[in-house]
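Q: This is structure18.cif (mmCIF, C-alpha atoms).
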```
data_data
#
loop_
_atom_site.group_PDB
_atom_site.id
_atom_site.type_symbol
_atom_site.label_atom_id
_atom_site.label_comp_id
_atom_site.auth_asym_id
_atom_site.auth_seq_id
_atom_site.Cartn_x
_atom_site.Cartn_y
_atom_site.Cartn_z
ATOM 1 C CA MET M 1 -11.731 -119.307 -53.185
ATOM 2 C CA ILE M 2 -12.565 -117.366 -49.995
ATOM 3 C CA PHE M 3 -14.327 -120.447 -48.603
ATOM 4 C CA TYR M 4 -11.268 -122.596 -49.362
ATOM 5 C CA ARG M 5 -8.881 -120.134 -47.607
ATOM 6 C CA THR M 6 -11.173 -119.991 -44.576
ATOM 7 C CA LEU M 7 -11.385 -123.770 -44.467
ATOM 8 C CA CYS M 8 -7.580 -124.079 -44.661
ATOM 9 C CA ALA M 9 -7.106 -121.527 -41.861
ATOM 10 C CA LEU M 10 -9.519 -123.345 -39.544
ATOM 11 C CA PRO M 11 -7.029 -126.020 -38.292
ATOM 12 C CA VAL M 12 -4.476 -123.309 -37.471
ATOM 13 C CA ALA M 13 -7.101 -121.371 -35.508
ATOM 14 C CA LEU M 14 -8.145 -124.503 -33.630
ATOM 15 C CA VAL M 15 -4.548 -125.307 -32.703
ATOM 16 C CA ALA M 16 -4.051 -121.749 -31.446
ATOM 17 C CA PHE M 17 -7.280 -121.980 -29.446
ATOM 18 C CA THR M 18 -6.499 -125.355 -27.865
ATOM 19 C CA ALA M 19 -2.906 -124.408 -27.046
ATOM 20 C CA ASN M 20 -4.213 -122.484 -24.042
ATOM 21 C CA ALA M 21 -7.346 -124.469 -23.337
ATOM 22 C CA HIS M 22 -6.978 -124.278 -19.537
ATOM 23 C CA ASN M 23 -10.003 -123.043 -17.622
ATOM 24 C CA PHE M 24 -8.354 -120.456 -15.341
ATOM 25 C CA VAL M 25 -10.204 -117.137 -15.233
ATOM 26 C CA THR M 26 -8.540 -113.975 -13.955
ATOM 27 C CA GLY M 27 -10.290 -112.762 -10.807
ATOM 28 C CA GLU M 28 -11.802 -116.161 -9.984
ATOM 29 C CA ARG M 29 -10.615 -119.156 -7.988
ATOM 30 C CA VAL M 30 -9.267 -122.249 -9.695
ATOM 31 C CA ALA M 31 -11.755 -125.025 -10.403
ATOM 32 C CA PRO M 32 -12.089 -127.144 -7.234
ATOM 33 C CA VAL M 33 -9.646 -130.041 -6.965
ATOM 34 C CA GLY M 34 -9.257 -132.688 -4.273
ATOM 35 C CA ILE M 35 -6.328 -135.108 -4.286
ATOM 36 C CA ALA M 36 -6.675 -138.077 -1.959
ATOM 37 C CA ASP M 37 -4.361 -140.563 -3.717
ATOM 38 C CA LYS M 38 -1.008 -139.363 -2.372
ATOM 39 C CA GLY M 39 -1.685 -135.607 -1.954
ATOM 40 C CA GLU M 40 0.517 -133.169 -0.047
ATOM 41 C CA LEU M 41 3.981 -134.405 0.840
ATOM 42 C CA ILE M 42 4.771 -133.733 4.506
ATOM 43 C CA TYR M 43 8.305 -134.000 5.903
ATOM 44 C CA GLN M 44 8.585 -134.113 9.690
ATOM 45 C CA GLN M 45 11.205 -135.662 11.951
ATOM 46 C CA GLU M 46 13.125 -137.140 9.010
ATOM 47 C CA THR M 47 9.985 -138.950 7.799
ATOM 48 C CA PHE M 48 7.827 -138.442 4.699
ATOM 49 C CA ARG M 49 4.087 -138.957 4.654
ATOM 50 C CA TYR M 50 1.179 -137.825 2.517
ATOM 51 C CA LYS M 51 -2.100 -136.188 3.442
ATOM 52 C CA SER M 52 -5.139 -135.391 1.329
ATOM 53 C CA TRP M 53 -5.047 -131.971 -0.281
ATOM 54 C CA ASN M 54 -7.638 -129.740 -1.931
ATOM 55 C CA SER M 55 -7.684 -126.383 -3.645
ATOM 56 C CA ALA M 56 -9.842 -124.845 -0.891
ATOM 57 C CA GLN M 57 -6.566 -124.601 1.081
ATOM 58 C CA LEU M 58 -5.037 -122.141 -1.411
ATOM 59 C CA PRO M 59 -6.321 -118.770 -0.077
ATOM 60 C CA GLY M 60 -4.336 -117.063 2.661
ATOM 61 C CA LYS M 61 -1.049 -116.433 0.878
ATOM 62 C CA VAL M 62 0.088 -115.068 -2.447
ATOM 63 C CA ARG M 63 1.274 -118.097 -4.341
ATOM 64 C CA VAL M 64 2.568 -119.505 -7.557
ATOM 65 C CA ILE M 65 1.076 -122.841 -8.458
ATOM 66 C CA GLN M 66 3.316 -124.829 -10.734
ATOM 67 C CA HIS M 67 1.516 -127.814 -12.248
ATOM 68 C CA ILE M 68 3.946 -130.133 -13.991
ATOM 69 C CA ALA M 69 3.905 -133.544 -15.568
ATOM 70 C CA GLY M 70 6.169 -136.020 -13.794
ATOM 71 C CA ARG M 71 8.899 -135.583 -16.411
ATOM 72 C CA SER M 72 12.164 -133.639 -16.289
ATOM 73 C CA SER M 73 11.281 -132.001 -19.623
ATOM 74 C CA ALA M 74 8.137 -130.509 -18.016
ATOM 75 C CA LYS M 75 10.091 -129.278 -14.985
ATOM 76 C CA GLU M 76 12.583 -127.507 -17.267
ATOM 77 C CA LYS M 77 9.889 -125.554 -19.144
ATOM 78 C CA ASN M 78 9.447 -123.018 -16.335
ATOM 79 C CA ALA M 79 12.705 -123.451 -14.456
ATOM 80 C CA ALA M 80 13.613 -119.797 -15.138
ATOM 81 C CA LEU M 81 10.618 -118.620 -13.118
ATOM 82 C CA ILE M 82 11.379 -120.973 -10.227
ATOM 83 C CA GLU M 83 14.992 -119.742 -10.150
ATOM 84 C CA ALA M 84 13.776 -116.117 -10.150
ATOM 85 C CA ILE M 85 11.439 -116.903 -7.235
ATOM 86 C CA LYS M 86 14.282 -118.530 -5.276
ATOM 87 C CA ALA M 87 16.543 -115.527 -5.919
ATOM 88 C CA ALA M 88 13.824 -113.052 -4.833
ATOM 89 C CA LYS M 89 13.604 -114.579 -1.335
ATOM 90 C CA LEU M 90 9.921 -113.724 -1.033
ATOM 91 C CA PRO M 91 8.490 -113.491 2.524
ATOM 92 C CA ARG M 92 7.513 -117.009 3.620
ATOM 93 C CA ASP M 93 4.789 -115.755 5.930
ATOM 94 C CA ARG M 94 2.887 -114.231 2.968
ATOM 95 C CA TYR M 95 4.096 -116.222 -0.075
ATOM 96 C CA GLN M 96 4.247 -119.913 -0.975
ATOM 97 C CA THR M 97 5.095 -121.939 -4.058
ATOM 98 C CA THR M 98 2.731 -124.877 -4.532
ATOM 99 C CA THR M 99 4.015 -127.508 -6.949
ATOM 100 C CA LEU M 100 1.564 -130.126 -8.174
ATOM 101 C CA VAL M 101 3.299 -133.043 -9.845
ATOM 102 C CA ASN M 102 1.131 -135.188 -12.083
ATOM 103 C CA THR M 103 2.814 -138.574 -11.679
ATOM 104 C CA ASP M 104 0.064 -140.071 -13.857
ATOM 105 C CA ASP M 105 1.843 -138.225 -16.703
ATOM 106 C CA ALA M 106 5.318 -139.641 -16.130
ATOM 107 C CA ILE M 107 7.435 -141.792 -18.401
ATOM 108 C CA PRO M 108 6.619 -145.420 -17.518
ATOM 109 C CA GLY M 109 9.072 -146.876 -15.039
ATOM 110 C CA THR M 110 10.268 -143.509 -13.703
ATOM 111 C CA GLY M 111 7.791 -143.059 -10.847
ATOM 112 C CA MET M 112 10.335 -143.976 -8.167
ATOM 113 C CA PHE M 113 12.803 -141.384 -9.522
ATOM 114 C CA VAL M 114 10.108 -138.704 -9.748
ATOM 115 C CA ARG M 115 9.073 -139.253 -6.106
ATOM 116 C CA SER M 116 12.711 -139.253 -4.999
ATOM 117 C CA SER M 117 13.199 -135.890 -6.730
ATOM 118 C CA ILE M 118 10.060 -134.459 -5.071
ATOM 119 C CA GLU M 119 11.262 -135.659 -1.657
ATOM 120 C CA SER M 120 14.685 -134.120 -2.244
ATOM 121 C CA ASN M 121 13.065 -130.783 -3.140
ATOM 122 C CA LYS M 122 10.855 -130.938 -0.033
ATOM 123 C CA LYS M 123 13.930 -131.443 2.159
ATOM 124 C CA GLN M 124 15.701 -128.530 0.456
ATOM 125 C CA PHE M 125 12.662 -126.204 0.489
ATOM 126 C CA PRO M 126 10.526 -127.322 3.462
ATOM 127 C CA TRP M 127 8.416 -124.135 3.347
ATOM 128 C CA SER M 128 7.249 -124.959 -0.197
ATOM 129 C CA GLN M 129 4.246 -127.134 -0.812
ATOM 130 C CA PHE M 130 4.524 -130.273 -2.961
ATOM 131 C CA ILE M 131 1.424 -132.160 -4.053
ATOM 132 C CA VAL M 132 1.674 -135.577 -5.729
ATOM 133 C CA ASP M 133 -1.253 -136.293 -8.022
ATOM 134 C CA ASP M 134 -1.098 -139.978 -8.970
ATOM 135 C CA ASN M 135 -4.335 -139.868 -10.968
ATOM 136 C CA GLY M 136 -4.004 -136.581 -12.858
ATOM 137 C CA VAL M 137 -7.023 -135.112 -11.054
ATOM 138 C CA ALA M 138 -5.826 -131.482 -11.278
ATOM 139 C CA LYS M 139 -4.774 -131.818 -14.927
ATOM 140 C CA LYS M 140 -8.254 -133.041 -15.837
ATOM 141 C CA ALA M 141 -10.109 -130.495 -13.683
ATOM 142 C CA TRP M 142 -8.016 -127.591 -14.978
ATOM 143 C CA LYS M 143 -7.912 -128.838 -18.604
ATOM 144 C CA LEU M 144 -4.112 -128.805 -18.889
ATOM 145 C CA GLU M 145 -1.917 -130.220 -21.634
ATOM 146 C CA ASN M 146 -0.214 -133.620 -21.487
ATOM 147 C CA GLY M 147 3.481 -133.460 -20.621
ATOM 148 C CA GLY M 148 3.190 -129.804 -19.743
ATOM 149 C CA SER M 149 3.998 -127.161 -17.197
ATOM 150 C CA ALA M 150 1.448 -124.565 -16.135
ATOM 151 C CA ILE M 151 2.016 -121.493 -13.976
ATOM 152 C CA ILE M 152 -0.834 -119.896 -12.042
ATOM 153 C CA VAL M 153 -0.398 -116.844 -9.790
ATOM 154 C CA LEU M 154 -2.976 -116.443 -7.027
ATOM 155 C CA ASP M 155 -3.499 -113.445 -4.790
ATOM 156 C CA ASN M 156 -4.008 -113.970 -1.047
ATOM 157 C CA ASN M 157 -7.760 -114.436 -1.634
ATOM 158 C CA GLY M 158 -6.988 -117.420 -3.855
ATOM 159 C CA GLU M 159 -8.043 -115.600 -7.024
ATOM 160 C CA VAL M 160 -6.184 -116.096 -10.306
ATOM 161 C CA ARG M 161 -4.078 -113.115 -11.325
ATOM 162 C CA PHE M 162 -2.051 -114.832 -14.090
ATOM 163 C CA ALA M 163 -2.182 -118.229 -15.774
ATOM 164 C CA LYS M 164 -0.381 -119.915 -18.630
ATOM 165 C CA ASP M 165 -0.174 -123.547 -19.672
ATOM 166 C CA GLY M 166 3.248 -123.844 -21.287
ATOM 167 C CA ALA M 167 6.701 -122.346 -21.052
ATOM 168 C CA LEU M 168 6.886 -118.695 -20.026
ATOM 169 C CA SER M 169 8.962 -116.302 -22.107
ATOM 170 C CA GLN M 170 11.590 -114.214 -20.318
ATOM 171 C CA GLN M 171 9.221 -111.238 -20.522
ATOM 172 C CA GLU M 172 6.454 -113.310 -18.894
ATOM 173 C CA VAL M 173 8.868 -114.376 -16.130
ATOM 174 C CA ASN M 174 9.654 -110.689 -15.532
ATOM 175 C CA ASN M 175 5.938 -109.834 -15.531
ATOM 176 C CA VAL M 176 5.131 -112.620 -13.039
ATOM 177 C CA MET M 177 7.912 -111.476 -10.717
ATOM 178 C CA ALA M 178 6.658 -107.863 -10.912
ATOM 179 C CA LEU M 179 3.118 -109.093 -10.185
ATOM 180 C CA LEU M 180 4.326 -111.085 -7.158
ATOM 181 C CA HIS M 181 6.129 -108.050 -5.736
ATOM 182 C CA GLN M 182 2.994 -105.928 -6.312
ATOM 183 C CA LEU M 183 0.760 -108.503 -4.585
ATOM 184 C CA LEU M 184 3.132 -108.735 -1.619
ATOM 185 C CA ARG M 185 3.219 -104.969 -0.919
#
```
Output the file's structure in the form of structure tokens.

A:
Amino acid sequence: MIFYRTLCALPVALVAFTANAHNFVTGERVAPVGIADKGELIYQQETFRYKSWNSAQLPGKVRVIQHIAGRSSAKEKNAALIEAIKAAKLPRDRYQTTTLVNTDDAIPGTGMFVRSSIESNKKQFPWSQFIVDDNGVAKKAWKLENGGSAIIVLDNNGEVRFAKDGALSQQEVNNVMALLHQLLR
């Protein structure tokens, strides 16, 4: 009977384990990622262009990395944190939000709308960084869920201070904001 109960509990334990199967480690840098197909969206003189981007560029500022699938449902999962960051008006010389959008994980036929939304956000928040990942390179390297939204807080050395793949609770949003204020002191 004990063997049977253990065997029945195993799938639940595996689901709980794989729910946060990302490979972010507190105190270490994120696994190296280079995105050459699209990459960082640059907006200068009313023109958009892309340039290659890699995770080696992350140190230097405290930042929140938001990795999202190219779906509105993924964007909504951590919208409360993004709104809290906007309201906090963090110092742009020491803080940056870096949003990686996995357009490889978009609903078929919506790619044009996803890019239009990214461009609109870049115009509205030119100091933020937007990375378009057409091949899902970061998702694979960081072992993130399909259709998801991950939040990673880095200190100015580029080391992970918080990471979660999935929607943050209100308490987690509060904790992330407190952490950001602490890191920016």

Q: How big is the axis-aligned box, and where does its centre sit, when it encloses all atoms of stretch 70-89 of chain M listed in the file and has 8 Å added on every side, reported in Å to one decimal as AutoDock Vina command-line options?

A:
```
--center_x 11.4 --center_y -124.5 --center_z -10.5 --size_x 26.4 --size_y 39.0 --size_z 34.3
```

Q: Spell out the residues picked by the PyMOL selection byres ((chain M and resi 24-26) around 8) here, as a PyMOL selection string.

A: chain M and resi 22-23+27-31+142+159-163

Q: So which one's closest to M:Arg185, M:Phe113, M:Phe130, M:Arg94, M:Lys122? Using all atoms listed in the file, please.

A: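 Distance minimum relative to M:Arg185 lands on M:Arg94.
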
Q: Run the PyMOL selection byres ((chain M and resi 95) around 12) against the file shown and list the residues it catches, as a ChimeraX atom specification.

A: /M:58-65,85-86,88-94,96-98,127-129,153-156,158,180-181,183-185

Q: Please save C-alpha atoms of the selected residues as a PDB file, in the coordinates of the input.

A:
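Result file follows (out21.pdb):
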```
ATOM      1  CA  LEU M  58      -5.037-122.141  -1.411  1.00  0.00           C
ATOM      2  CA  PRO M  59      -6.321-118.770  -0.077  1.00  0.00           C
ATOM      3  CA  GLY M  60      -4.336-117.063   2.661  1.00  0.00           C
ATOM      4  CA  LYS M  61      -1.049-116.433   0.878  1.00  0.00           C
ATOM      5  CA  VAL M  62       0.088-115.068  -2.447  1.00  0.00           C
ATOM      6  CA  ARG M  63       1.274-118.097  -4.341  1.00  0.00           C
ATOM      7  CA  VAL M  64       2.568-119.505  -7.557  1.00  0.00           C
ATOM      8  CA  ILE M  65       1.076-122.841  -8.458  1.00  0.00           C
ATOM      9  CA  ILE M  85      11.439-116.903  -7.235  1.00  0.00           C
ATOM     10  CA  LYS M  86      14.282-118.530  -5.276  1.00  0.00           C
ATOM     11  CA  ALA M  88      13.824-113.052  -4.833  1.00  0.00           C
ATOM     12  CA  LYS M  89      13.604-114.579  -1.335  1.00  0.00           C
ATOM     13  CA  LEU M  90       9.921-113.724  -1.033  1.00  0.00           C
ATOM     14  CA  PRO M  91       8.490-113.491   2.524  1.00  0.00           C
ATOM     15  CA  ARG M  92       7.513-117.009   3.620  1.00  0.00           C
ATOM     16  CA  ASP M  93       4.789-115.755   5.930  1.00  0.00           C
ATOM     17  CA  ARG M  94       2.887-114.231   2.968  1.00  0.00           C
ATOM     18  CA  GLN M  96       4.247-119.913  -0.975  1.00  0.00           C
ATOM     19  CA  THR M  97       5.095-121.939  -4.058  1.00  0.00           C
ATOM     20  CA  THR M  98       2.731-124.877  -4.532  1.00  0.00           C
ATOM     21  CA  TRP M 127       8.416-124.135   3.347  1.00  0.00           C
ATOM     22  CA  SER M 128       7.249-124.959  -0.197  1.00  0.00           C
ATOM     23  CA  GLN M 129       4.246-127.134  -0.812  1.00  0.00           C
ATOM     24  CA  VAL M 153      -0.398-116.844  -9.790  1.00  0.00           C
ATOM     25  CA  LEU M 154      -2.976-116.443  -7.027  1.00  0.00           C
ATOM     26  CA  ASP M 155      -3.499-113.445  -4.790  1.00  0.00           C
ATOM     27  CA  ASN M 156      -4.008-113.970  -1.047  1.00  0.00           C
ATOM     28  CA  GLY M 158      -6.988-117.420  -3.855  1.00  0.00           C
ATOM     29  CA  LEU M 180       4.326-111.085  -7.158  1.00  0.00           C
ATOM     30  CA  HIS M 181       6.129-108.050  -5.736  1.00  0.00           C
ATOM     31  CA  LEU M 183       0.760-108.503  -4.585  1.00  0.00           C
ATOM     32  CA  LEU M 184       3.132-108.735  -1.619  1.00  0.00           C
ATOM     33  CA  ARG M 185       3.219-104.969  -0.919  1.00  0.00           C
TER      34      ARG M 185
END
```

Q: How many Å separate atom CA of M:Ile151 from atom CA of M:Gln66?

A: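 Straight-line distance from atom CA of M:Ile151 to atom CA of M:Gln66 works out to 4.8 Å.
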
Q: Check the smallest atom-to-atom distance from each of M:Ile107, M:Ser116, M:Ile42, M:Leu144 to M:Ser73 using all atoms listed in the file, then report the winner.

A: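 When distances to M:Ser73 are compared using all atoms listed in the file, the smallest one comes from M:Ile107.
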
Q: Apply the PyMOL selection byres ((chain M and resi 75-77) around 10) to the structure shown and report the selected residues as a list in words.

A: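 Taken over the shown coordinates, the PyMOL selection byres ((chain M and resi 75-77) around 10) returns Gln66, His67, Ile68, Ala69, Gly70, Arg71, Ser72, Ser73, Ala74, Asn78, Ala79, Ala80, Leu81, Ile82, Val101, Gly147, Gly148, Ser149, Ala150, Gly166, Ala167, Leu168 and Ser169 of chain M.
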
Q: So which one's closest to M:Tyr50, M:Ile35, M:Lys164, M:Val176, M:Asn121? Using all atoms listed in the file, please.

A: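 Of all the options, M:Ile35 lies closest to M:Tyr50.
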
Q: Just how far from atom CA of M:Ala138 is atom CA of M:Ala106, in Å to one decimal?

A: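 One can read the atom CA of M:Ala106 to atom CA of M:Ala138 distance as 14.6 Å.
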
Q: By how many Å are atom CA of M:Thr103 and atom CA of M:Glu46 apart?

A: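 Atom CA of M:Thr103 sits 23.2 Å away from atom CA of M:Glu46.
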